[in-house]
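work-v8.csv follows; it contains CSV, C-alpha atoms.
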chain,number,residue,atom,x,y,z
A,17,MET,CA,187.5,125.7,187.1
A,18,PRO,CA,185.0,128.6,187.3
A,19,LYS,CA,181.3,127.7,187.8
A,20,PRO,CA,178.8,128.9,185.1
A,21,ARG,CA,176.6,131.8,186.1
A,22,SER,CA,172.8,131.3,186.3
A,23,PHE,CA,170.4,133.4,184.3
A,24,LEU,CA,168.8,134.9,187.4
A,25,ARG,CA,172.2,135.8,188.9
A,26,ILE,CA,173.2,137.8,185.9
A,27,PHE,CA,170.2,140.1,186.3
A,28,THR,CA,170.7,140.5,190.0
A,29,GLU,CA,174.3,141.4,189.6
A,30,ALA,CA,173.6,143.9,186.8
A,31,GLY,CA,171.8,145.9,189.3
A,32,PRO,CA,168.2,146.6,190.3
A,33,LEU,CA,167.8,149.3,187.6
A,34,ALA,CA,168.4,146.9,184.8
A,35,ALA,CA,166.0,144.4,186.2
A,36,LEU,CA,163.3,147.0,186.6
A,37,ALA,CA,163.8,148.1,183.0
A,38,VAL,CA,163.5,144.6,181.6
A,39,ALA,CA,160.3,144.0,183.7
A,40,ILE,CA,158.7,147.2,182.3
A,41,VAL,CA,159.5,146.2,178.7
A,42,LEU,CA,158.1,142.7,179.2
A,43,LEU,CA,154.9,144.2,180.8
A,44,LEU,CA,154.4,146.6,178.0
A,45,GLY,CA,154.9,144.0,175.3
A,46,ILE,CA,152.4,141.6,176.8
A,47,ALA,CA,149.7,144.0,178.1
A,48,GLY,CA,149.9,146.7,175.4
A,49,PRO,CA,147.8,145.1,172.6
A,50,ALA,CA,145.3,143.5,175.0
A,51,SER,CA,144.8,146.7,176.9
A,52,ALA,CA,144.4,148.7,173.7
A,53,GLN,CA,141.6,146.3,172.6
A,54,PHE,CA,140.0,146.0,176.0
A,55,PHE,CA,140.1,149.6,177.2
A,56,ASN,CA,139.8,151.2,173.8
A,57,PHE,CA,142.4,153.9,174.7
A,58,PRO,CA,143.3,155.9,171.5
A,59,GLY,CA,146.9,155.6,170.4
A,60,PHE,CA,147.8,153.2,173.2
A,61,GLY,CA,150.3,150.5,172.1
A,62,GLY,CA,151.7,152.5,169.1
A,63,GLY,CA,148.6,152.0,166.8
A,64,PRO,CA,146.8,154.8,165.0
A,65,PRO,CA,144.0,156.5,166.9
A,66,PRO,CA,140.6,154.9,166.1
A,67,GLN,CA,138.1,156.8,164.0
A,68,ARG,CA,135.0,158.2,165.5
A,69,HIS,CA,131.8,156.3,164.7
A,70,ALA,CA,128.2,156.9,165.5
A,71,PRO,CA,127.2,155.4,168.9
A,72,GLN,CA,125.6,152.0,168.6
A,73,ARG,CA,122.7,150.9,170.7
A,74,GLY,CA,123.8,148.3,173.3
A,75,GLY,CA,127.6,148.4,172.3
A,76,GLY,CA,130.8,150.5,172.5
A,77,GLY,CA,132.2,152.0,175.6
A,78,TRP,CA,134.2,149.9,178.0
A,79,PHE,CA,133.1,146.5,176.6
A,80,GLY,CA,133.4,147.0,172.9
A,81,GLY,CA,130.7,146.6,170.2
A,82,ASP,CA,130.2,142.9,170.4
A,83,PHE,CA,129.4,142.4,174.1
A,84,PHE,CA,125.6,143.0,173.7
A,85,ALA,CA,125.3,141.3,170.3
A,86,PRO,CA,123.3,138.3,171.5
A,87,PHE,CA,120.9,140.6,173.4
A,88,GLN,CA,120.5,142.7,170.2
A,89,GLU,CA,119.8,139.6,168.2
A,90,ARG,CA,117.0,138.6,170.6
A,91,GLN,CA,115.4,142.0,170.4
A,92,ALA,CA,115.6,142.3,166.6
A,93,PRO,CA,112.4,140.4,165.8
A,94,GLN,CA,110.5,142.4,168.3
A,95,GLN,CA,111.7,145.7,166.8
A,96,GLN,CA,110.8,144.5,163.3
A,97,GLN,CA,107.4,143.5,164.5
A,98,GLN,CA,106.9,147.0,165.9
A,99,GLN,CA,108.1,148.7,162.8
A,100,ARG,CA,106.0,146.5,160.5
A,101,PRO,CA,103.5,148.6,158.5
A,102,ARG,CA,100.0,148.6,159.7
A,103,GLU,CA,97.7,146.1,158.1
A,104,ASP,CA,94.5,147.2,156.4
A,105,PHE,CA,91.6,145.1,157.7
A,106,SER,CA,88.9,147.1,156.0
A,107,ARG,CA,88.7,144.8,153.0
A,108,ALA,CA,87.3,141.3,153.4
A,109,PRO,CA,88.6,138.4,151.3
A,110,ALA,CA,87.3,138.2,147.7
A,111,PRO,CA,84.2,136.0,147.1
A,112,ALA,CA,84.9,132.5,145.9
A,113,LYS,CA,83.7,131.4,142.5
A,114,ARG,CA,80.6,129.3,142.3
A,115,GLU,CA,80.0,126.6,139.7
A,116,ALA,CA,76.3,127.5,139.0
A,117,ALA,CA,74.2,130.6,139.4
A,118,ALA,CA,72.1,130.7,142.5
A,119,GLU,CA,68.3,130.7,142.3
A,120,ARG,CA,67.9,133.4,145.0
A,121,ASN,CA,70.3,136.2,145.8
A,122,VAL,CA,70.8,138.5,148.7
A,123,LEU,CA,72.1,142.0,147.7
A,124,VAL,CA,74.4,143.5,150.3
A,125,LEU,CA,75.0,147.3,150.2
A,126,GLY,CA,77.1,149.5,152.4
A,127,ASP,CA,80.7,150.3,153.4
A,128,ALA,CA,83.6,148.1,154.6
A,129,MET,CA,81.3,146.6,157.3
A,130,ALA,CA,78.9,145.4,154.6
A,131,ASP,CA,81.9,143.9,152.8
A,132,TRP,CA,82.7,141.7,155.9
A,133,LEU,CA,79.0,140.9,156.3
A,134,ALA,CA,78.8,139.7,152.7
A,135,TYR,CA,81.9,137.6,153.3
A,136,GLY,CA,80.2,136.0,156.3
A,137,LEU,CA,77.0,135.3,154.4
A,138,GLU,CA,78.9,133.7,151.6
A,139,ASP,CA,80.4,131.3,154.1
A,140,ALA,CA,76.9,130.7,155.6
A,141,TYR,CA,75.4,129.8,152.2
A,142,SER,CA,78.4,127.8,151.1
A,143,ASP,CA,76.4,124.5,151.6
A,144,GLN,CA,73.3,126.0,149.9
A,145,PRO,CA,73.8,126.2,146.2
A,146,ASP,CA,70.4,127.8,145.7
A,147,MET,CA,71.4,130.9,147.8
A,148,GLY,CA,73.8,133.5,146.5
A,149,VAL,CA,75.3,136.8,147.7
A,150,ILE,CA,75.8,140.0,145.6
A,151,ARG,CA,78.4,142.4,147.0
A,152,LYS,CA,77.9,146.0,146.1
A,153,HIS,CA,79.9,148.0,148.6
A,154,LYS,CA,82.1,151.1,148.8
A,155,THR,CA,84.8,150.6,151.3
A,156,VAL,CA,85.1,154.2,152.5
A,157,SER,CA,81.7,155.6,152.1
A,158,GLY,CA,78.6,156.7,154.1
A,159,LEU,CA,75.2,158.3,153.8
A,160,ILE,CA,76.8,161.7,154.0
A,161,HIS,CA,79.5,161.2,151.4
A,162,TYR,CA,79.4,158.3,148.9
A,163,GLN,CA,82.7,159.4,147.3
A,164,PRO,CA,84.9,162.5,147.4
A,165,LYS,CA,84.2,163.6,143.8
A,166,GLY,CA,82.0,162.7,140.9
A,167,ASP,CA,78.6,161.1,140.6
A,168,PRO,CA,76.9,159.5,142.4
A,169,ALA,CA,77.5,161.8,145.3
A,170,ASP,CA,75.3,159.9,147.9
A,171,TRP,CA,74.3,156.3,148.6
A,172,ALA,CA,70.7,156.8,147.6
A,173,ALA,CA,71.7,157.7,144.0
A,174,ALA,CA,74.2,154.9,143.9
A,175,ALA,CA,71.5,152.4,145.1
A,176,LYS,CA,69.2,153.5,142.3
A,177,GLY,CA,71.8,152.6,139.7
A,178,ILE,CA,72.6,149.2,141.4
A,179,LEU,CA,68.9,148.2,141.7
A,180,ALA,CA,68.4,149.1,138.0
A,181,ASN,CA,70.8,146.2,137.1
A,182,GLU,CA,70.1,143.7,139.9
A,183,ASN,CA,67.1,141.6,140.8
A,184,PRO,CA,67.7,140.4,144.3
A,185,ASP,CA,65.3,138.5,146.5
A,186,ALA,CA,66.3,140.5,149.6
A,187,ILE,CA,68.3,143.6,150.2
A,188,VAL,CA,70.6,144.1,153.2
A,189,VAL,CA,72.3,147.4,154.0
A,190,MET,CA,75.0,148.1,156.6
A,191,LEU,CA,76.9,151.4,156.8
A,192,GLY,CA,77.5,154.4,159.0
A,193,LEU,CA,81.0,153.9,160.2
A,194,ASN,CA,82.3,156.8,158.2
A,195,ASP,CA,79.3,159.1,159.0
A,196,ARG,CA,80.8,160.6,162.2
A,197,THR,CA,81.5,163.8,160.4
A,198,SER,CA,79.9,167.2,159.8
A,199,ILE,CA,77.0,167.9,157.4
A,200,ARG,CA,76.8,170.9,155.3
A,201,GLU,CA,73.2,172.0,154.6
A,202,PRO,CA,72.8,173.4,151.1
A,203,VAL,CA,71.3,176.9,150.9
A,204,VAL,CA,67.9,177.0,149.2
A,205,GLU,CA,67.1,180.3,147.6
A,206,LYS,CA,63.4,181.3,147.6
A,207,LYS,CA,62.0,182.2,144.2
A,208,THR,CA,59.4,185.0,144.1
A,209,ASP,CA,56.4,184.4,142.0
A,210,LYS,CA,56.1,186.8,139.0
A,211,LYS,CA,52.3,186.6,139.1
A,212,ASP,CA,52.3,187.9,142.7
A,213,GLU,CA,54.6,190.7,141.7
A,214,LYS,CA,52.2,191.8,138.8
A,215,LYS,CA,49.3,191.7,141.2
A,216,ASP,CA,51.1,193.9,143.7
A,217,ALA,CA,52.1,196.3,140.9
A,218,ARG,CA,48.4,196.6,139.7
A,219,ALA,CA,47.1,197.3,143.2
A,220,LYS,CA,46.2,200.9,143.9
A,221,PRO,CA,48.8,202.4,146.3
A,222,ASP,CA,46.5,205.4,147.2
A,223,ALA,CA,43.8,203.3,148.7
A,224,LYS,CA,42.7,204.6,152.1
A,225,PRO,CA,40.9,202.8,154.9
A,226,GLY,CA,37.9,205.2,154.6
A,227,ASP,CA,37.3,204.2,151.0
A,228,ALA,CA,35.9,200.8,151.9
A,229,LYS,CA,32.3,200.1,150.9
A,230,PRO,CA,29.7,200.3,153.7
A,231,ASP,CA,28.4,196.8,152.9
A,232,ALA,CA,31.8,195.3,153.5
A,233,ALA,CA,32.1,197.3,156.7
A,234,ALA,CA,28.7,196.1,157.8
A,235,LYS,CA,29.6,192.5,157.0
A,236,SER,CA,32.7,192.8,159.0
A,237,ASP,CA,30.8,194.3,162.0
A,238,ASN,CA,28.3,191.4,161.9
A,239,LYS,CA,31.1,188.7,162.3
A,240,PRO,CA,31.9,187.7,165.9
A,241,ALA,CA,35.2,189.0,167.2
A,242,GLU,CA,37.8,186.3,167.6
A,243,ALA,CA,39.3,185.9,171.0
A,244,GLU,CA,43.0,186.8,171.2
A,245,PRO,CA,45.3,183.9,172.1
A,246,THR,CA,46.3,183.7,175.7
A,247,PRO,CA,49.8,182.9,176.8
A,248,ASP,CA,48.7,179.4,177.7
A,249,ASP,CA,47.3,178.8,174.2
A,250,GLU,CA,50.6,180.0,172.6
A,251,SER,CA,52.6,177.6,174.7
A,252,ASP,CA,50.3,174.7,173.7
A,253,ALA,CA,50.7,175.6,170.0
A,254,ALA,CA,54.5,175.7,170.3
A,255,GLN,CA,54.5,172.2,171.8
A,256,ALA,CA,52.1,170.9,169.1
A,257,ALA,CA,54.4,172.0,166.3
A,258,PRO,CA,58.0,171.9,167.3
A,259,GLU,CA,60.3,174.2,165.5
A,260,LYS,CA,63.3,173.0,163.6
A,261,ALA,CA,66.8,173.6,164.9
A,262,PRO,CA,68.1,177.1,164.1
A,263,ARG,CA,70.2,177.3,161.0
A,264,ASN,CA,73.9,177.8,161.4
A,265,PRO,CA,75.2,180.9,159.5
A,266,ASN,CA,77.8,178.8,157.6
A,267,GLY,CA,75.4,175.8,157.2
A,268,VAL,CA,77.8,173.3,158.7
A,269,TYR,CA,76.6,171.1,161.6
A,270,GLU,CA,78.8,168.8,163.6
A,271,PHE,CA,78.2,165.2,164.5
A,272,ARG,CA,75.4,164.8,167.1
A,273,ASP,CA,74.1,168.3,166.7
A,274,GLU,CA,70.3,168.7,166.8
A,275,ARG,CA,70.2,169.8,163.2
A,276,TRP,CA,72.7,167.1,162.2
A,277,VAL,CA,70.3,164.5,163.5
A,278,GLU,CA,67.4,166.0,161.4
A,279,LEU,CA,69.5,166.1,158.2
A,280,TYR,CA,70.9,162.6,158.7
A,281,SER,CA,67.6,161.1,159.5
A,282,LYS,CA,66.3,162.4,156.1
A,283,LYS,CA,69.2,160.7,154.4
A,284,ILE,CA,68.3,157.4,156.1
A,285,GLU,CA,64.7,157.8,155.0
A,286,GLU,CA,65.7,158.6,151.5
A,287,MET,CA,67.9,155.5,151.3
A,288,ILE,CA,65.1,153.2,152.7
A,289,ASN,CA,62.6,154.6,150.2
A,290,VAL,CA,64.9,153.8,147.3
A,291,LEU,CA,65.4,150.2,148.6
A,292,LYS,CA,61.7,149.6,149.2
A,293,SER,CA,60.9,150.6,145.6
A,294,LYS,CA,62.3,147.2,144.5
A,295,GLY,CA,59.4,145.4,146.2
A,296,VAL,CA,61.5,142.9,148.1
A,297,PRO,CA,62.3,142.5,151.8
A,298,VAL,CA,64.8,145.2,153.1
A,299,LEU,CA,67.0,144.6,156.2
A,300,TRP,CA,69.0,147.4,157.9
A,301,VAL,CA,71.8,145.9,160.0
A,302,GLY,CA,73.0,147.9,163.0
A,303,LEU,CA,76.6,148.6,163.8
A,304,PRO,CA,78.6,146.6,166.3
A,305,ALA,CA,80.7,148.1,169.1
A,306,ILE,CA,84.2,149.2,168.2
A,307,ARG,CA,87.3,149.6,170.5
A,308,GLY,CA,87.3,152.6,172.7
A,309,GLN,CA,84.7,154.3,174.9
A,310,LYS,CA,84.0,157.1,172.4
A,311,GLY,CA,83.7,154.7,169.4
A,312,THR,CA,81.3,152.5,171.3
A,313,SER,CA,79.2,155.5,172.2
A,314,ASP,CA,79.1,156.7,168.6
A,315,MET,CA,77.9,153.3,167.4
A,316,LEU,CA,75.1,153.3,169.9
A,317,PHE,CA,74.1,156.8,168.9
A,318,LEU,CA,73.9,155.8,165.2
A,319,ASP,CA,72.1,152.5,165.9
A,320,ALA,CA,69.3,154.4,167.6
A,321,LEU,CA,68.7,156.5,164.5
A,322,TYR,CA,68.7,153.4,162.2
A,323,ARG,CA,66.3,151.5,164.5
A,324,ASP,CA,63.9,154.4,164.6
A,325,ALA,CA,64.0,154.9,160.9
A,326,ALA,CA,63.5,151.2,160.2
A,327,GLY,CA,60.5,151.1,162.5
A,328,LYS,CA,58.8,154.1,160.8
A,329,ALA,CA,59.5,152.7,157.3
A,330,GLY,CA,58.3,149.2,158.2
A,331,ILE,CA,61.5,147.3,157.3
A,332,THR,CA,63.5,144.8,159.4
A,333,TYR,CA,66.2,146.1,161.8
A,334,VAL,CA,68.8,143.5,162.6
A,335,ASP,CA,70.4,144.2,166.0
A,336,VAL,CA,73.9,142.6,166.3
A,337,TRP,CA,75.1,144.6,169.4
A,338,ASP,CA,74.9,141.8,172.0
A,339,GLY,CA,77.0,139.5,169.9
A,340,PHE,CA,80.1,141.7,170.1
A,341,VAL,CA,80.1,143.0,173.7
A,342,ASP,CA,80.8,141.5,177.1
A,343,GLU,CA,78.4,141.3,180.0
A,344,SER,CA,79.2,144.9,180.9
A,345,GLY,CA,78.5,146.2,177.4
A,346,ARG,CA,82.1,146.8,176.5
A,347,TYR,CA,83.9,146.0,173.2
A,348,LEU,CA,84.7,142.2,172.9
A,349,GLN,CA,87.9,141.2,171.1
A,350,LYS,CA,87.6,137.5,171.8
A,351,GLY,CA,84.4,135.6,172.6
A,352,PRO,CA,82.0,132.9,171.6
A,353,ASP,CA,81.3,132.4,167.9
A,354,PHE,CA,77.9,131.5,166.4
A,355,GLU,CA,78.4,127.9,167.6
A,356,GLY,CA,79.5,128.9,171.1
A,357,GLN,CA,83.3,128.3,170.7
A,358,ILE,CA,85.7,130.9,172.0
A,359,ARG,CA,87.4,132.5,169.1
A,360,VAL,CA,89.0,135.8,168.1
A,361,LEU,CA,86.1,137.8,166.6
A,362,ARG,CA,87.6,141.2,165.7
A,363,THR,CA,90.7,142.3,164.0
A,364,TYR,CA,93.5,144.0,165.9
A,365,ASP,CA,92.5,147.4,164.7
A,366,GLY,CA,89.5,147.2,166.9
A,367,VAL,CA,87.0,147.8,164.1
A,368,PHE,CA,86.6,145.0,161.6
A,369,PHE,CA,86.2,141.2,161.8
A,370,THR,CA,88.0,138.0,161.5
A,371,LYS,CA,86.5,135.1,159.6
A,372,ALA,CA,84.9,133.8,162.8
A,373,GLY,CA,83.5,137.3,163.6
A,374,ALA,CA,82.2,137.8,160.1
A,375,ARG,CA,80.4,134.4,160.3
A,376,LYS,CA,78.8,135.4,163.6
A,377,LEU,CA,77.7,138.7,162.1
A,378,ALA,CA,76.2,136.9,159.2
A,379,HIS,CA,74.4,134.5,161.5
A,380,TYR,CA,72.1,137.3,162.8
A,381,VAL,CA,71.3,138.4,159.2
A,382,GLU,CA,70.9,134.9,157.8
A,383,ARG,CA,68.1,133.8,160.1
A,384,GLU,CA,66.1,137.0,159.4
A,385,VAL,CA,66.6,136.6,155.6
A,386,ASN,CA,65.5,133.0,155.8
A,387,ARG,CA,62.4,134.0,157.8
A,388,LEU,CA,61.4,136.7,155.3
A,389,LEU,CA,62.0,134.6,152.2
A,390,ALA,CA,60.0,131.7,153.7
A,391,ALA,CA,57.1,134.1,154.4
A,392,ARG,CA,57.1,135.3,150.8
A,393,SER,CA,57.5,131.9,149.2
A,394,GLY,CA,55.0,130.0,151.4
A,395,PRO,CA,52.0,128.5,149.8
A,396,ILE,CA,48.8,130.6,149.9
A,397,ALA,CA,45.8,128.6,151.1
A,398,LEU,CA,42.8,129.3,149.1
A,399,PRO,CA,39.3,128.7,150.5
A,400,ASN,CA,37.7,125.5,149.1
A,401,GLU,CA,34.3,126.2,147.6
A,402,PRO,CA,31.8,123.3,147.7
A,403,ALA,CA,30.8,122.0,144.3
A,404,THR,CA,27.2,122.8,143.5
A,405,THR,CA,25.4,119.8,141.9
A,406,PRO,CA,21.7,119.9,141.2
A,407,GLU,CA,19.6,118.0,143.7
A,408,THR,CA,17.6,115.3,142.0
A,409,SER,CA,15.3,114.9,144.9
A,410,THR,CA,14.0,118.4,144.9
A,411,GLU,CA,10.5,118.9,143.8
A,412,PRO,CA,9.8,121.6,141.1
A,413,GLY,CA,8.7,124.9,142.6
A,414,LYS,CA,10.3,124.2,146.0
A,415,PRO,CA,13.7,125.4,147.4
A,416,PRO,CA,16.4,122.7,147.7
A,417,PRO,CA,16.9,121.1,151.1

Can you give me the file's structure in the form of structure tokens?
Amino acid sequence: MPKPRSFLRIFTEAGPLAALAVAIVLLLGIAGPASAQFFNFPGFGGGPPPQRHAPQRGGGGWFGGDFFAPFQERQAPQQQQQQRPREDFSRAPAPAKREAAAERNVLVLGDAMADWLAYGLEDAYSDQPDMGVIRKHKTVSGLIHYQPKGDPADWAAAAKGILANENPDAIVVMLGLNDRTSIREPVVEKKTDKKDEKKDARAKPDAKPGDAKPDAAAKSDNKPAEAEPTPDDESDAAQAAPEKAPRNPNGVYEFRDERWVELYSKKIEEMINVLKSKGVPVLWVGLPAIRGQKGTSDMLFLDALYRDAAGKAGITYVDVWDGFVDESGRYLQKGPDFEGQIRVLRTYDGVFFTKAGARKLAHYVEREVNRLLAARSGPIALPNEPATTPETSTEPGKPPP
């Protein structure tokens, strides 16, 4: 009886060529789909060639499109945070509604800095029902330009309109952040006097030096001759009366120019005169440091002008500089608040304030306002005059003892 052949023996007897062919077919059937997916070879394994797609960040190539998916998911929040639109910190939160009207009010004028100052003062007076804050600010404004178009064109004119409708007990002004720009000086045309023109027309053009009367000549000869000024006298006169900066042909002066300082100082003086006309204490608050070396330098430059103008006008200048810089005089993002606790004081734009920073800013102003109002409302001591009663012991005709 013949023995059954084994499966392996059938292949070996068929010859080495048949065995090799079967091995190749098995290899292609198993590895074809996997290699097509793994190596991403177009057309490999009988499938249609893949379509071209735009390259993806972190995927594709040898390892397919899903290999870096977890890494992309981790980076997605960071990319969204970077692409988030920039926040506007120039506007402080709106004032809270109060149940009753305050007995005394502080009027705050200025730009976005004044808006944050008023917000801090409102928080400072939150436990004092008798004190109120009136916000009258223009977010993007300055002494040079109150608004791009229309009236009022400057802050002095705007302040006149505000004071006509408000009766504050104290006025606080804080602005200048947007004044780091050029100033155009208006051209003033000189008007000739018609009377002088008539006098010149009536004058005799044929008059000669020899026609002068002898009496006038004699009088002129009797006067002592004035000494001609020496070069030293001319230099002393020039120092005594300094000349103004030369006028630019186009009338435009850049920030920090000598003529710019003169024109800007006049605007400060005009603003202060309008505020003083109300007859209440006026406080000018200096600007704090902002991020960047140039910005900090600009704030120092403007503060020097405000301080000098306030001293000349006799109003109170509130210096807040030390509260927002470190020991080296550099911009301070995080530091002690008005109670000494370390807090974030400035917003991330490097210019405006957080709630803690606004409260610290208001702390400098609050104590000066309280001092000035206390001085105005303090009792006035009148001298006591002794009552004159007739002396009964005095004898008639003699002075009283």

For CA of Ala174 (chain A) and CA of Asn266 (chain A), the interatomic separation in Å (one decimal):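 Distance between the two atoms: 27.8 Å.
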
Length of the CA of Tyr347 (chain A) to CA of Val385 (chain A) vector [Å]: 26.4 Å

Interatomic distance (Å, one decimal) between CA of Gly373 (chain A) and CA of Gly136 (chain A):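 Separating CA of Gly373 (chain A) from CA of Gly136 (chain A) is a distance of 8.1 Å.
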
Non-local contacts of Asp104 (chain A) (10 Å; all atoms listed in the file; under 5 positions in same chain excluded) as a PyMOL selection string: chain A and resi 363+365+368

Residues within 6 Å of Leu361 (chain A), all atoms listed in the file, excluding chain neighbours under 5 positions, as number ranges by chain: A: 349-350, 369-370, 372-373

Within 9 Å of Leu159 (chain A) using all atoms listed in the file, minus same-chain residues under 5 positions, as a ChimeraX atom specification: /A:170-172,191-192,194-195,280,283-284,287

Test item: residues at most 12 Å from Val290 (chain A), only C-alpha atoms, excluding those fewer than 2 positions along its chain, as a PyMOL selection string: chain A and resi 171-180+187+189+283-288+292-296+298+329

Within 7 Å of Arg120 (chain A) using all atoms listed in the file, minus same-chain residues under 2 positions, as a ChimeraX atom specification: /A:118,122,146-148,185
